[in-house]
Structure formats: C-alpha cells, structure tokens
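Chemist: My structure is stored as my_file_3.pdb, with PDB, C-alpha atoms.
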```
MODEL        1
ATOM      1  CA  MET A 862      -2.128 -68.557  13.803
ATOM      2  CA  ASN A 863      -3.320 -68.281  17.388
ATOM      3  CA  VAL A 864      -5.066 -65.168  18.645
ATOM      4  CA  ALA A 865      -4.530 -64.316  22.297
ATOM      5  CA  ALA A 866      -7.351 -63.270  24.597
ATOM      6  CA  SER A 867      -5.282 -60.243  25.605
ATOM      7  CA  GLY A 868      -4.678 -59.241  21.984
ATOM      8  CA  VAL A 869      -5.889 -55.865  20.745
ATOM      9  CA  TRP A 870      -6.918 -55.359  17.136
ATOM     10  CA  GLN A 871      -7.816 -52.541  14.829
ATOM     11  CA  LYS A 872      -9.733 -52.491  11.566
ATOM     12  CA  ASN A 873      -7.543 -52.403   8.482
ATOM     13  CA  PRO A 874      -7.749 -48.751   7.382
ATOM     14  CA  ALA A 875      -7.518 -49.804   3.736
ATOM     15  CA  LEU A 876     -11.062 -51.216   3.836
ATOM     16  CA  ALA A 877     -14.504 -49.788   3.159
ATOM     17  CA  TRP A 878     -17.460 -51.221   5.029
ATOM     18  CA  ARG A 879     -21.117 -50.632   5.691
ATOM     19  CA  GLU A 880     -23.540 -52.092   8.215
ATOM     20  CA  ILE A 881     -27.030 -52.793   6.851
ATOM     21  CA  ASP A 882     -29.743 -54.334   9.025
ATOM     22  CA  GLU A 883     -27.189 -55.832  11.439
ATOM     23  CA  GLU A 884     -25.164 -57.370   8.621
ATOM     24  CA  THR A 885     -21.838 -55.924   7.557
ATOM     25  CA  VAL A 886     -20.386 -55.790   4.085
ATOM     26  CA  ILE A 887     -16.655 -55.146   3.855
ATOM     27  CA  ILE A 888     -14.848 -54.293   0.640
ATOM     28  CA  SER A 889     -11.151 -54.647   0.090
ATOM     29  CA  PRO A 890     -10.511 -52.151  -2.738
ATOM     30  CA  GLY A 891      -7.105 -53.495  -3.619
ATOM     31  CA  GLU A 892      -8.416 -57.004  -4.147
ATOM     32  CA  SER A 893     -12.011 -56.255  -5.303
ATOM     33  CA  VAL A 894     -13.203 -58.757  -2.734
ATOM     34  CA  MET A 895     -16.400 -58.559  -0.692
ATOM     35  CA  HIS A 896     -16.627 -59.986   2.827
ATOM     36  CA  GLU A 897     -19.813 -60.467   4.822
ATOM     37  CA  LEU A 898     -20.440 -60.601   8.559
ATOM     38  CA  ASN A 899     -23.617 -61.838  10.252
ATOM     39  CA  ASP A 900     -25.220 -60.077  13.214
ATOM     40  CA  THR A 901     -22.799 -61.313  15.892
ATOM     41  CA  GLY A 902     -19.835 -60.797  13.580
ATOM     42  CA  SER A 903     -21.094 -57.290  12.909
ATOM     43  CA  PHE A 904     -21.427 -56.668  16.636
ATOM     44  CA  VAL A 905     -17.806 -57.639  17.230
ATOM     45  CA  TRP A 906     -16.632 -55.699  14.149
ATOM     46  CA  ARG A 907     -18.497 -52.587  15.324
ATOM     47  CA  ASN A 908     -16.723 -52.724  18.665
ATOM     48  CA  ILE A 909     -13.197 -53.322  17.386
ATOM     49  CA  ASP A 910     -11.595 -49.972  18.060
ATOM     50  CA  GLY A 911      -7.900 -50.571  18.592
ATOM     51  CA  GLN A 912      -8.444 -50.371  22.368
ATOM     52  CA  LEU A 913     -10.552 -53.343  23.425
ATOM     53  CA  SER A 914      -8.906 -56.739  23.791
ATOM     54  CA  ALA A 915     -10.405 -60.000  22.608
ATOM     55  CA  MET A 916     -11.419 -60.646  26.218
ATOM     56  CA  ASP A 917     -13.154 -57.256  26.353
ATOM     57  CA  LEU A 918     -15.009 -57.987  23.097
ATOM     58  CA  ALA A 919     -16.121 -61.374  24.469
ATOM     59  CA  GLY A 920     -17.430 -59.573  27.555
ATOM     60  CA  LEU A 921     -19.540 -57.316  25.347
ATOM     61  CA  LEU A 922     -20.914 -60.395  23.585
ATOM     62  CA  VAL A 923     -21.938 -61.855  26.957
ATOM     63  CA  GLU A 924     -23.782 -58.630  27.772
ATOM     64  CA  GLN A 925     -25.490 -58.501  24.370
ATOM     65  CA  TYR A 926     -26.297 -62.155  23.773
ATOM     66  CA  ASP A 927     -27.337 -65.046  25.989
ATOM     67  CA  VAL A 928     -23.979 -66.840  25.969
ATOM     68  CA  THR A 929     -21.425 -67.867  28.572
ATOM     69  CA  GLN A 930     -18.053 -66.158  28.850
ATOM     70  CA  ASP A 931     -16.291 -69.319  27.651
ATOM     71  CA  VAL A 932     -18.429 -69.625  24.529
ATOM     72  CA  ALA A 933     -18.182 -65.901  23.822
ATOM     73  CA  LEU A 934     -14.393 -65.962  24.127
ATOM     74  CA  THR A 935     -14.036 -69.029  21.913
ATOM     75  CA  ASP A 936     -16.270 -67.494  19.251
ATOM     76  CA  THR A 937     -14.537 -64.110  19.478
ATOM     77  CA  LEU A 938     -11.063 -65.607  19.138
ATOM     78  CA  SER A 939     -12.212 -67.705  16.197
ATOM     79  CA  LEU A 940     -13.706 -64.665  14.457
ATOM     80  CA  LEU A 941     -10.654 -62.494  15.137
ATOM     81  CA  GLU A 942      -8.387 -65.175  13.759
ATOM     82  CA  GLU A 943     -10.451 -65.445  10.585
ATOM     83  CA  LEU A 944     -10.638 -61.669  10.114
ATOM     84  CA  SER A 945      -6.924 -61.419  10.721
ATOM     85  CA  ALA A 946      -6.189 -64.169   8.201
ATOM     86  CA  ARG A 947      -8.234 -62.220   5.631
ATOM     87  CA  LYS A 948      -6.236 -59.084   6.504
ATOM     88  CA  LEU A 949      -9.381 -57.285   7.629
ATOM     89  CA  LEU A 950      -7.786 -56.703  11.033
ATOM     90  CA  LEU A 951      -4.331 -55.559  12.025
ATOM     91  CA  PRO A 952      -2.632 -55.781  15.400
ATOM     92  CA  ALA A 953      -3.181 -52.551  17.268
ATOM     93  CA  GLU A 954      -0.156 -50.623  18.428
ATOM     94  CA  THR A 955      -0.359 -50.843  22.201
ATOM     95  CA  GLN A 956       1.977 -50.310  25.103
ATOM     96  CA  GLY A 957       2.142 -54.070  25.362
ATOM     97  CA  GLY A 958       3.565 -54.171  21.894
ATOM     98  CA  GLY A 959       0.880 -55.778  19.713
ATOM     99  CA  ALA A 960      -2.067 -58.070  19.399
ATOM    100  CA  ARG A 961      -0.503 -61.339  20.324
TER     101      ARG A 961
ATOM    102  CA  MET B 898     -19.833 -35.677 -22.141
ATOM    103  CA  ARG B 899     -17.502 -33.718 -24.410
ATOM    104  CA  LEU B 900     -14.650 -35.533 -26.135
ATOM    105  CA  SER B 901     -11.668 -33.825 -27.724
ATOM    106  CA  SER B 902      -8.733 -35.418 -29.544
ATOM    107  CA  ARG B 903      -6.071 -34.624 -32.133
ATOM    108  CA  ASP B 904      -6.668 -38.055 -33.645
ATOM    109  CA  SER B 905      -9.339 -37.174 -36.192
ATOM    110  CA  SER B 906     -10.185 -40.762 -37.144
ATOM    111  CA  LEU B 907     -10.638 -41.805 -33.521
ATOM    112  CA  LEU B 908     -12.674 -38.692 -32.829
ATOM    113  CA  ALA B 909     -14.882 -39.369 -35.835
ATOM    114  CA  ALA B 910     -15.452 -42.947 -34.741
ATOM    115  CA  ALA B 911     -16.184 -41.819 -31.188
ATOM    116  CA  SER B 912     -18.563 -39.150 -32.441
ATOM    117  CA  ARG B 913     -20.535 -41.808 -34.275
ATOM    118  CA  ARG B 914     -20.541 -44.245 -31.375
ATOM    119  CA  TYR B 915     -21.494 -41.694 -28.738
ATOM    120  CA  ARG B 916     -23.528 -39.358 -30.916
ATOM    121  CA  GLY B 917     -26.545 -39.553 -28.608
ATOM    122  CA  PHE B 918     -24.461 -38.586 -25.602
ATOM    123  CA  ASN B 919     -22.347 -35.702 -26.828
ATOM    124  CA  SER B 920     -23.435 -32.469 -25.218
ATOM    125  CA  SER B 921     -22.378 -28.890 -25.530
ATOM    126  CA  GLN B 922     -24.518 -27.719 -22.652
ATOM    127  CA  GLY B 923     -25.478 -28.561 -19.115
ATOM    128  CA  LYS B 924     -23.360 -30.594 -16.724
ATOM    129  CA  ARG B 925     -20.770 -32.503 -18.713
ATOM    130  CA  PHE B 926     -17.650 -34.544 -18.501
ATOM    131  CA  SER B 927     -14.779 -33.020 -20.463
ATOM    132  CA  ILE B 928     -12.393 -35.672 -21.759
ATOM    133  CA  GLU B 929      -9.182 -35.152 -23.713
ATOM    134  CA  VAL B 930      -7.994 -38.209 -25.639
ATOM    135  CA  GLU B 931      -4.465 -38.916 -26.929
ATOM    136  CA  CYS B 932      -3.043 -41.948 -28.680
ATOM    137  CA  GLU B 933       0.403 -41.389 -27.171
ATOM    138  CA  PRO B 934       1.116 -43.137 -23.848
ATOM    139  CA  ALA B 935       1.395 -41.169 -20.622
ATOM    140  CA  GLN B 936       4.784 -39.507 -20.195
ATOM    141  CA  ALA B 937       5.171 -39.829 -16.466
ATOM    142  CA  ALA B 938       3.155 -40.864 -13.473
ATOM    143  CA  THR B 939       1.834 -37.800 -11.698
ATOM    144  CA  PRO B 940      -0.630 -37.752  -8.822
ATOM    145  CA  HIS B 941      -4.295 -37.509  -9.745
ATOM    146  CA  GLU B 942      -7.547 -38.062  -7.926
ATOM    147  CA  PHE B 943      -8.280 -41.036 -10.146
ATOM    148  CA  VAL B 944      -5.891 -43.131 -12.227
ATOM    149  CA  CYS B 945      -6.687 -46.399 -13.958
ATOM    150  CA  ASP B 946      -4.913 -48.426 -16.639
ATOM    151  CA  PHE B 947      -6.260 -50.662 -19.372
ATOM    152  CA  GLU B 948      -4.002 -52.543 -21.783
ATOM    153  CA  GLY B 949      -1.472 -49.745 -22.169
ATOM    154  CA  ALA B 950      -4.060 -46.966 -22.071
ATOM    155  CA  ARG B 951      -4.589 -44.798 -19.030
ATOM    156  CA  VAL B 952      -7.210 -42.478 -17.591
ATOM    157  CA  GLU B 953      -6.129 -39.671 -15.267
ATOM    158  CA  ALA B 954      -8.841 -37.496 -13.800
ATOM    159  CA  ASP B 955      -9.295 -34.611 -11.432
ATOM    160  CA  ASN B 956     -12.590 -32.955 -10.601
ATOM    161  CA  GLY B 957     -14.734 -33.171 -13.718
ATOM    162  CA  ASP B 958     -11.993 -33.350 -16.317
ATOM    163  CA  ALA B 959     -10.188 -36.399 -17.601
ATOM    164  CA  HIS B 960      -7.136 -37.093 -19.704
ATOM    165  CA  PHE B 961      -6.959 -40.373 -21.601
ATOM    166  CA  THR B 962      -3.578 -41.470 -22.975
ATOM    167  CA  GLY B 963      -2.397 -44.428 -25.012
ATOM    168  CA  VAL B 964      -5.789 -44.720 -26.710
ATOM    169  CA  ARG B 965      -5.189 -46.443 -30.032
ATOM    170  CA  HIS B 966      -8.632 -47.778 -30.827
ATOM    171  CA  GLU B 967     -12.311 -47.403 -29.996
ATOM    172  CA  TYR B 968     -12.353 -50.412 -27.701
ATOM    173  CA  ALA B 969      -9.737 -48.842 -25.434
ATOM    174  CA  LEU B 970     -11.626 -45.554 -25.458
ATOM    175  CA  ASP B 971     -14.859 -47.301 -24.515
ATOM    176  CA  SER B 972     -13.156 -49.164 -21.664
ATOM    177  CA  LEU B 973     -11.557 -45.990 -20.304
ATOM    178  CA  LEU B 974     -14.899 -44.199 -20.487
ATOM    179  CA  ARG B 975     -16.529 -46.875 -18.352
ATOM    180  CA  MET B 976     -13.669 -46.698 -15.853
ATOM    181  CA  TYR B 977     -13.783 -42.930 -15.700
ATOM    182  CA  LEU B 978     -17.566 -42.651 -15.425
ATOM    183  CA  SER B 979     -17.664 -45.181 -12.597
ATOM    184  CA  TRP B 980     -15.598 -42.691 -10.611
ATOM    185  CA  ALA B 981     -16.958 -39.423 -11.990
ATOM    186  CA  LEU B 982     -20.525 -40.373 -11.048
ATOM    187  CA  LEU B 983     -19.724 -40.450  -7.318
ATOM    188  CA  PRO B 984     -20.377 -36.729  -6.672
ATOM    189  CA  GLN B 985     -23.618 -37.059  -8.631
ATOM    190  CA  ASP B 986     -24.992 -39.821  -6.419
ATOM    191  CA  GLY B 987     -24.727 -42.301  -9.266
ATOM    192  CA  PHE B 988     -23.116 -45.565 -10.237
ATOM    193  CA  LEU B 989     -22.707 -48.004 -13.121
ATOM    194  CA  LEU B 990     -24.100 -51.496 -12.925
ATOM    195  CA  HIS B 991     -23.791 -54.649 -15.046
ATOM    196  CA  ALA B 992     -27.485 -54.622 -15.868
ATOM    197  CA  ALA B 993     -29.976 -54.230 -18.676
ATOM    198  CA  SER B 994     -32.507 -51.430 -18.264
ATOM    199  CA  VAL B 995     -35.868 -51.578 -19.991
ATOM    200  CA  THR B 996     -38.648 -49.013 -19.801
ATOM    201  CA  ARG B 997     -42.279 -50.031 -19.557
ATOM    202  CA  ASN B 998     -45.200 -47.735 -18.808
ATOM    203  CA  GLY B 999     -42.807 -44.895 -18.079
ATOM    204  CA  LYS B1000     -40.707 -46.767 -15.518
ATOM    205  CA  ALA B1001     -37.314 -48.434 -15.770
ATOM    206  CA  TYR B1002     -36.849 -52.067 -14.842
ATOM    207  CA  ILE B1003     -33.258 -52.958 -14.000
ATOM    208  CA  PHE B1004     -32.214 -56.532 -14.747
ATOM    209  CA  VAL B1005     -28.937 -57.247 -13.044
ATOM    210  CA  GLY B1006     -26.565 -60.128 -13.527
ATOM    211  CA  ARG B1007     -23.138 -61.084 -14.687
ATOM    212  CA  SER B1008     -22.335 -62.391 -18.141
ATOM    213  CA  GLY B1009     -24.686 -65.180 -19.130
ATOM    214  CA  ALA B1010     -27.355 -64.297 -16.574
ATOM    215  CA  GLY B1011     -29.814 -63.218 -19.269
ATOM    216  CA  LYS B1012     -29.433 -59.450 -19.648
ATOM    217  CA  SER B1013     -29.191 -59.617 -23.417
ATOM    218  CA  THR B1014     -32.056 -62.118 -23.526
ATOM    219  CA  VAL B1015     -34.330 -59.818 -21.539
ATOM    220  CA  ALA B1016     -33.360 -56.889 -23.742
ATOM    221  CA  SER B1017     -33.955 -58.883 -26.921
ATOM    222  CA  LEU B1018     -37.426 -59.834 -25.659
ATOM    223  CA  SER B1019     -38.324 -56.169 -25.158
ATOM    224  CA  PRO B1020     -39.675 -53.769 -27.782
ATOM    225  CA  ARG B1021     -37.025 -51.809 -29.668
ATOM    226  CA  GLY B1022     -36.822 -48.333 -28.213
ATOM    227  CA  SER B1023     -37.710 -49.493 -24.718
ATOM    228  CA  VAL B1024     -34.187 -50.695 -23.919
ATOM    229  CA  LEU B1025     -31.975 -48.106 -22.249
ATOM    230  CA  THR B1026     -29.037 -50.517 -22.368
ATOM    231  CA  ASP B1027     -28.544 -54.270 -22.552
ATOM    232  CA  GLU B1028     -25.226 -54.320 -20.685
ATOM    233  CA  ILE B1029     -24.238 -51.365 -18.479
ATOM    234  CA  SER B1030     -26.879 -49.358 -16.622
ATOM    235  CA  LEU B1031     -26.417 -45.950 -15.084
ATOM    236  CA  LEU B1032     -28.449 -45.226 -11.959
ATOM    237  CA  LYS B1033     -28.535 -41.799 -10.375
ATOM    238  CA  ARG B1034     -30.557 -40.169  -7.632
ATOM    239  CA  ILE B1035     -31.990 -36.830  -8.654
ATOM    240  CA  ASP B1036     -34.052 -34.795  -6.200
ATOM    241  CA  GLY B1037     -34.566 -37.899  -4.088
ATOM    242  CA  GLU B1038     -35.739 -40.051  -6.981
ATOM    243  CA  TRP B1039     -33.685 -42.917  -8.433
ATOM    244  CA  ARG B1040     -33.625 -42.815 -12.210
ATOM    245  CA  ALA B1041     -32.065 -45.118 -14.796
ATOM    246  CA  PHE B1042     -30.327 -43.504 -17.760
ATOM    247  CA  GLY B1043     -29.573 -44.786 -21.202
ATOM    248  CA  THR B1044     -25.894 -45.489 -21.807
ATOM    249  CA  PRO B1045     -23.785 -46.056 -24.926
ATOM    250  CA  PHE B1046     -22.324 -49.176 -23.322
ATOM    251  CA  TRP B1047     -23.960 -52.190 -24.946
ATOM    252  CA  GLY B1048     -23.089 -55.848 -25.197
ATOM    253  CA  GLU B1049     -20.932 -57.104 -28.085
ATOM    254  CA  PHE B1050     -19.723 -53.519 -28.589
ATOM    255  CA  LYS B1051     -22.922 -52.458 -30.305
ATOM    256  CA  ALA B1052     -23.365 -48.714 -30.848
ATOM    257  CA  ASP B1053     -26.791 -47.907 -29.492
ATOM    258  CA  GLY B1054     -28.632 -46.110 -26.699
ATOM    259  CA  SER B1055     -30.154 -42.716 -26.166
ATOM    260  CA  ASN B1056     -29.634 -40.103 -23.514
ATOM    261  CA  THR B1057     -32.987 -40.562 -21.813
ATOM    262  CA  SER B1058     -34.031 -41.645 -18.334
ATOM    263  CA  ALA B1059     -36.948 -42.997 -16.346
ATOM    264  CA  PRO B1060     -37.737 -43.516 -12.651
ATOM    265  CA  VAL B1061     -36.666 -46.930 -11.432
ATOM    266  CA  ALA B1062     -39.478 -49.440 -10.803
ATOM    267  CA  GLY B1063     -37.196 -52.044  -9.271
ATOM    268  CA  ILE B1064     -33.984 -54.005  -9.513
ATOM    269  CA  PHE B1065     -34.345 -57.636 -10.546
ATOM    270  CA  ARG B1066     -31.534 -60.155 -10.157
ATOM    271  CA  LEU B1067     -31.864 -62.539 -13.063
ATOM    272  CA  ILE B1068     -32.079 -66.269 -12.422
ATOM    273  CA  GLN B1069     -33.066 -68.481 -15.341
ATOM    274  CA  ALA B1070     -35.729 -71.009 -14.304
ATOM    275  CA  SER B1071     -38.610 -73.108 -15.556
ATOM    276  CA  GLU B1072     -41.219 -70.764 -14.107
ATOM    277  CA  ASN B1073     -41.680 -67.033 -13.666
ATOM    278  CA  ARG B1074     -41.769 -65.663 -10.136
ATOM    279  CA  ILE B1075     -40.224 -62.970  -8.010
ATOM    280  CA  GLU B1076     -38.888 -62.934  -4.461
ATOM    281  CA  ARG B1077     -38.490 -59.682  -2.567
ATOM    282  CA  LEU B1078     -34.959 -59.037  -1.311
ATOM    283  CA  ARG B1079     -34.145 -57.420   2.003
ATOM    284  CA  PRO B1080     -31.928 -54.335   1.632
ATOM    285  CA  ALA B1081     -28.857 -56.231   2.838
ATOM    286  CA  GLU B1082     -29.569 -59.009   0.358
ATOM    287  CA  LEU B1083     -29.986 -56.472  -2.431
ATOM    288  CA  LEU B1084     -26.673 -54.835  -1.554
ATOM    289  CA  LYS B1085     -24.907 -58.196  -1.669
ATOM    290  CA  ALA B1086     -26.564 -58.939  -5.003
ATOM    291  CA  LEU B1087     -25.557 -55.566  -6.431
ATOM    292  CA  LEU B1088     -21.957 -55.328  -5.267
ATOM    293  CA  PRO B1089     -20.496 -57.997  -7.563
ATOM    294  CA  CYS B1090     -22.235 -56.286 -10.489
ATOM    295  CA  VAL B1091     -21.172 -52.701  -9.764
ATOM    296  CA  LEU B1092     -18.500 -51.306 -12.085
ATOM    297  CA  PHE B1093     -15.883 -49.578 -10.015
ATOM    298  CA  PHE B1094     -12.180 -49.242 -10.633
ATOM    299  CA  SER B1095     -10.878 -46.830  -8.017
ATOM    300  CA  ALA B1096      -8.254 -48.146  -5.613
ATOM    301  CA  ASN B1097      -8.993 -45.339  -3.157
ATOM    302  CA  VAL B1098     -10.704 -46.464   0.046
ATOM    303  CA  ARG B1099     -12.534 -43.115   0.386
ATOM    304  CA  ASP B1100     -14.056 -43.625  -3.041
ATOM    305  CA  HIS B1101     -15.235 -47.065  -1.990
ATOM    306  CA  GLN B1102     -16.730 -45.640   1.214
ATOM    307  CA  GLN B1103     -18.582 -43.094  -0.902
ATOM    308  CA  LEU B1104     -19.759 -45.798  -3.289
ATOM    309  CA  LEU B1105     -21.077 -47.860  -0.366
ATOM    310  CA  GLN B1106     -22.915 -44.796   0.912
ATOM    311  CA  ILE B1107     -24.537 -44.286  -2.498
ATOM    312  CA  LEU B1108     -25.448 -47.968  -2.774
ATOM    313  CA  THR B1109     -26.955 -47.856   0.704
ATOM    314  CA  GLY B1110     -29.191 -45.044  -0.517
ATOM    315  CA  ALA B1111     -30.121 -47.102  -3.546
ATOM    316  CA  ILE B1112     -31.093 -50.230  -1.619
ATOM    317  CA  ARG B1113     -33.200 -48.112   0.731
ATOM    318  CA  GLY B1114     -34.890 -46.304  -2.128
ATOM    319  CA  ILE B1115     -35.342 -49.067  -4.710
ATOM    320  CA  ALA B1116     -37.210 -52.348  -4.305
ATOM    321  CA  GLY B1117     -35.082 -55.384  -5.097
ATOM    322  CA  PHE B1118     -36.149 -58.840  -6.210
ATOM    323  CA  HIS B1119     -34.875 -62.170  -7.399
ATOM    324  CA  LEU B1120     -36.501 -62.727 -10.770
ATOM    325  CA  TYR B1121     -36.807 -66.393 -11.703
ATOM    326  CA  PHE B1122     -37.709 -66.264 -15.367
ATOM    327  CA  ARG B1123     -38.340 -68.279 -18.490
ATOM    328  CA  LYS B1124     -36.683 -67.073 -21.652
ATOM    329  CA  ASN B1125     -39.791 -65.558 -23.214
ATOM    330  CA  ARG B1126     -41.875 -62.433 -22.748
ATOM    331  CA  SER B1127     -44.104 -64.003 -20.096
ATOM    332  CA  PHE B1128     -41.803 -62.875 -17.261
ATOM    333  CA  TRP B1129     -43.295 -59.387 -17.505
ATOM    334  CA  GLU B1130     -46.519 -60.800 -16.040
ATOM    335  CA  VAL B1131     -44.929 -61.312 -12.611
ATOM    336  CA  LEU B1132     -43.186 -57.952 -12.410
ATOM    337  CA  PRO B1133     -44.749 -55.227 -10.257
ATOM    338  CA  SER B1134     -46.398 -52.469 -12.285
TER     339      SER B1134
ENDMDL
END
```
Please express the file's structure as structure tokens.

Modeler:
Amino acid sequence: MNVAASGVWQKNPALAWREIDEETVIISPGESVMHELNDTGSFVWRNIDGQLSAMDLAGLLVEQYDVTQDVALTDTLSLLEELSARKLLLPAETQGGGAR
Amino acid sequence: MRLSSRDSSLLAAASRRYRGFNSSQGKRFSIEVECEPAQAATPHEFVCDFEGARVEADNGDAHFTGVRHEYALDSLLRMYLSWALLPQDGFLLHAASVTRNGKAYIFVGRSGAGKSTVASLSPRGSVLTDEISLLKRIDGEWRAFGTPFWGEFKADGSNTSAPVAGIFRLIQASENRIERLRPAELLKALLPCVLFFSANVRDHQQLLQILTGAIRGIAGFHLYFRKNRSFWEVLPS
C-alpha cells in the first residue's frame, strides 16, 4: 500500500486511546489489541483530524522537530501507512474523494 | 452483590462460594441468574457471552442466562463486574493483593508470573486475592478490595480493603530488586492484565481514563524476585 502526500486521514472512531507523557496507547476493543506510539508518533496522531494531509502533518513535524521537510514527509508517510495497515486510520471523506 | 435464582442448587452453591460478598445493604449489584439460555437478542448497555451463557446488564442490574454450573456463573460475574465497576472508578486486574502493615501490595502478572507463589509466601489472612484484584478510587484514595475470584477456582476471600502501597509487576529472577516505572510504562504493564470484556469504545475510553488516574495515583515498579519471602525486604514500606 502506498500513502500519498496529499492523502487525508482520520482516526478510526472504533478505537480508544490515551496520551501519557508524550506516549500514546491505543486500544482496539474489537480485537483486544494494544498499540503504542512514541513521542513523534504521538505528535502525528494528535494532529490527525480528518482535515490535514500527510504533507501538512509533515510540515508540523518540521516546525516541532529539527528535521528537514524530506525526512519529515518520508517518516510521516511511513507512519501513516503502518497505522492504516493496522486499521487505526481510515481515509477521510474529502472533496477530493479520499486519502489516496 | 445480591444474587437471585430459581435454581436452588446453583443458588446454594453460589451462596457458599460468595458468602463473604453477599450484601443486603449499601451499594450493591443485583444479579438475576437463570439456567435457561437467552430467548432473543435485545439491546443492552453491556452484553457478553461465555460458553453458551450470557450476561446482559443495564445500569446496576444484570441478567445472567444459560448458567448451568458454578464455573459459568463465576466467569459471568467477572465479566459483569469488569463493566459495572466503571461508574465507581474501579477495575479488575490479573493480580494478587496482599496486605502488610495496613497497606495493600498489588502483584500483577499473567498466568505463571508468580501471583500464586507470592500469595502462598504470605501469611494466611493477609491475602485479599491470589488471582483477580479489584482496585477502586474512593475519596481520592486508591484501595484494593478482597475478591472471591481466586486461582484454581478456590472459594476464599473477604470483603475487606486497604489503601494501595504500590503495583509490582512480577519478574522471577535470581535476586530481589525493584525498578520504578514511569506512568506510561505502568499503563503498558497494566493493560494486558486488566480484565475487560466490553466491545463498546466508550467503555474503553472510560476504562483508559480510570487507568490514567490509577497510574498517576499509584507508584508502579518492576519487582525482580526470588521465590521466597525475602522479596518483602526490597518493597517500599
């Protein structure tokens, strides 16, 4: 699966999550599975709102952390792809028609 | 809790098993038990199935159906309580709880971690449970309560409680020592050991909120321990 930089994502509403000390714990009730995000993963997760694109999220990473736009975008796309594969994210309904 | 059933033999057995926890006063869980299976699926706030038996619950009352033996009743009780404790700021945990000097020490771990060992190394009467602990925040203080849920289906426990001294994740080792856990680490250690059966995401959000309160209010540790009483020497008083 390839995630596009223009893609927009939303958190899966069927999940429960909590951010503790810049780490995020996500529970998938249907599967009784726990997922963990580190500080940068938590930063991206916190900002996924169904409006911002992957490119927008990478831009926020550049502002927050000392990384280049290229590195931020690569890392963001990689994280979004992983979260999507785990069904923690869903494509947001946008005028463009979806996340990819 | 208050149990009622038309099955007199099951009720008698349950009365013996849970004799220390039956209450006719104060806040209570009212549970009606039937051996017949549920007639039809109707919406309830909480529904959970176990080997042909079912718990359906709304507010404080529960209806158990398809209960043909004590084991099923005990399993449904655990399922139901895990949900019914949410409004009371409480939760169930795979953990042994032992009191010492008026405080409760919570030893958490999955099967084989050493819960029963720790309990067996503790004086009789000091063990609140060797298998399933109940933690609840009352007036800002986290307390551990005795439960009737013991390992190997033993009937034991008393309806008493004590303030929690700490939560200790059991790790068998060749030496005794403790390592303090950060709150996030404690949450990740607790989550796999929390009993929770609801499929409702709002219930899980509420559980996470309660657990967040617990990890902020209770000190957590890794406890590396030898299988003898000497581990008490490294625990905080």

Chemist: When the cut-off is 8 Å and we count all atoms listed in the file, which residues of chain A are near chain B, given as a ChimeraX atom specification?

Modeler: /A:875-879,881-882,884,886,888,890-891,895

Chemist: Is there a way to get, as a PyMOL selection string, all residues within 12 Å of the point (-3.2, -58.2, 2.2) in file coordinates, counting all atoms listed in the file?

Modeler: chain A and resi 873-876+889-894+944-951

Chemist: State, in Å with one decimal place, the distance from CA of Thr1044 (chain B) to CA of Thr1057 (chain B).

Modeler: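 Straight-line distance from CA of Thr1044 (chain B) to CA of Thr1057 (chain B) works out to 8.6 Å.
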
Chemist: Would you work out the distance separating CA of Val1131 (chain B) from CA of Ile1075 (chain B), expressed in Å to one decimal?

Modeler: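 Interatomic distance, CA of Val1131 (chain B) to CA of Ile1075 (chain B): 6.8 Å.
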
Chemist: Could you give me, as a PyMOL selection string, the residues that have an atom at most 9 Å away from the point (-18.3, -58.5, 23.3) in the coordinates of the file, using all atoms listed in the file?

Modeler: chain A and resi 904-905+908+915-926+933-934+937

Chemist: Using all atoms listed in the file, which residues sit within 10 Å of Ala992 (chain B) once same-chain residues fewer than 2 positions away are excluded, as a list in words?

Modeler: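 Once the nearby chain positions are removed, what remains is Leu989, Leu990, Ser994, Val995, Tyr1002, Ile1003, Phe1004, Val1005, Gly1006, Arg1007, Ser1008, Ala1010, Gly1011, Lys1012, Ser1013, Thr1026, Asp1027, Glu1028, Ile1029, Ser1030, Leu1031, Ile1064, Phe1065, Arg1066, Leu1067, Leu1087, Cys1090 and Val1091 of chain B.
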
Chemist: Evaluate the PyMOL selection byres ((chain B and resi 1076) around 6) here and jot the selected residues down as a list in words.

Modeler: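 Going through the file, the PyMOL selection byres ((chain B and resi 1076) around 6) ends up selecting Ile1075, Arg1077, Phe1118 and His1119 of chain B.
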
Chemist: Taking the file above as input, evaluate the PyMOL selection byres ((chain B and resi 933) around 10) and report the hits as a PyMOL selection string.

Modeler: chain B and resi 930-932+934-936+949-950+961-965

Chemist: Using CA of Asp910 (chain A) and CA of Lys872 (chain A) as the two end points, give the distance in Å to one decimal.

Modeler: 7.2 Å

Chemist: For Gln912 (chain A), work out the shell of residues within 10 Å, counting only C-alpha atoms and skipping chain neighbours fewer than 5 positions away, then give it as a VMD selection string.

Modeler: chain A and resid 868 to 871 917 953 to 955

Chemist: Taking C-alpha atoms for each residue, export the selection above as an mmCIF file, in the coordinates of the input.

Modeler:
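Wrote again_30.cif, looks like this:
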```cif
data_model
loop_
_atom_site.group_PDB
_atom_site.id
_atom_site.type_symbol
_atom_site.label_atom_id
_atom_site.label_comp_id
_atom_site.auth_asym_id
_atom_site.auth_seq_id
_atom_site.Cartn_x
_atom_site.Cartn_y
_atom_site.Cartn_z
ATOM 1 C CA GLY A 868 -4.678 -59.241 21.984
ATOM 2 C CA VAL A 869 -5.889 -55.865 20.745
ATOM 3 C CA TRP A 870 -6.918 -55.359 17.136
ATOM 4 C CA GLN A 871 -7.816 -52.541 14.829
ATOM 5 C CA ASP A 917 -13.154 -57.256 26.353
ATOM 6 C CA ALA A 953 -3.181 -52.551 17.268
ATOM 7 C CA GLU A 954 -0.156 -50.623 18.428
ATOM 8 C CA THR A 955 -0.359 -50.843 22.201
#
```

Chemist: Can you turn the PyMOL selection byres ((chain B and resi 999) around 10) into a concrete residue list for this file, as a PyMOL selection string?

Modeler: chain B and resi 995-998+1000-1002+1023+1058-1062

Chemist: Using the selection just defined, write its residues with C-alpha atoms as a CSV table (one decimal), in the frame of the given file.

Modeler:
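What ended up in out.csv:
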```csv
chain,number,residue,atom,x,y,z
B,995,VAL,CA,-35.9,-51.6,-20.0
B,996,THR,CA,-38.6,-49.0,-19.8
B,997,ARG,CA,-42.3,-50.0,-19.6
B,998,ASN,CA,-45.2,-47.7,-18.8
B,1000,LYS,CA,-40.7,-46.8,-15.5
B,1001,ALA,CA,-37.3,-48.4,-15.8
B,1002,TYR,CA,-36.8,-52.1,-14.8
B,1023,SER,CA,-37.7,-49.5,-24.7
B,1058,SER,CA,-34.0,-41.6,-18.3
B,1059,ALA,CA,-36.9,-43.0,-16.3
B,1060,PRO,CA,-37.7,-43.5,-12.7
B,1061,VAL,CA,-36.7,-46.9,-11.4
B,1062,ALA,CA,-39.5,-49.4,-10.8
```

Chemist: Find, counting all atoms listed in the file, the residue in B:Glu948, B:Glu1072, B:Asp904, B:Glu1049 that gets nearest to Tyr1121 (chain B).

Modeler: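 Under the stated criterion, the closest residue is B:Glu1072.
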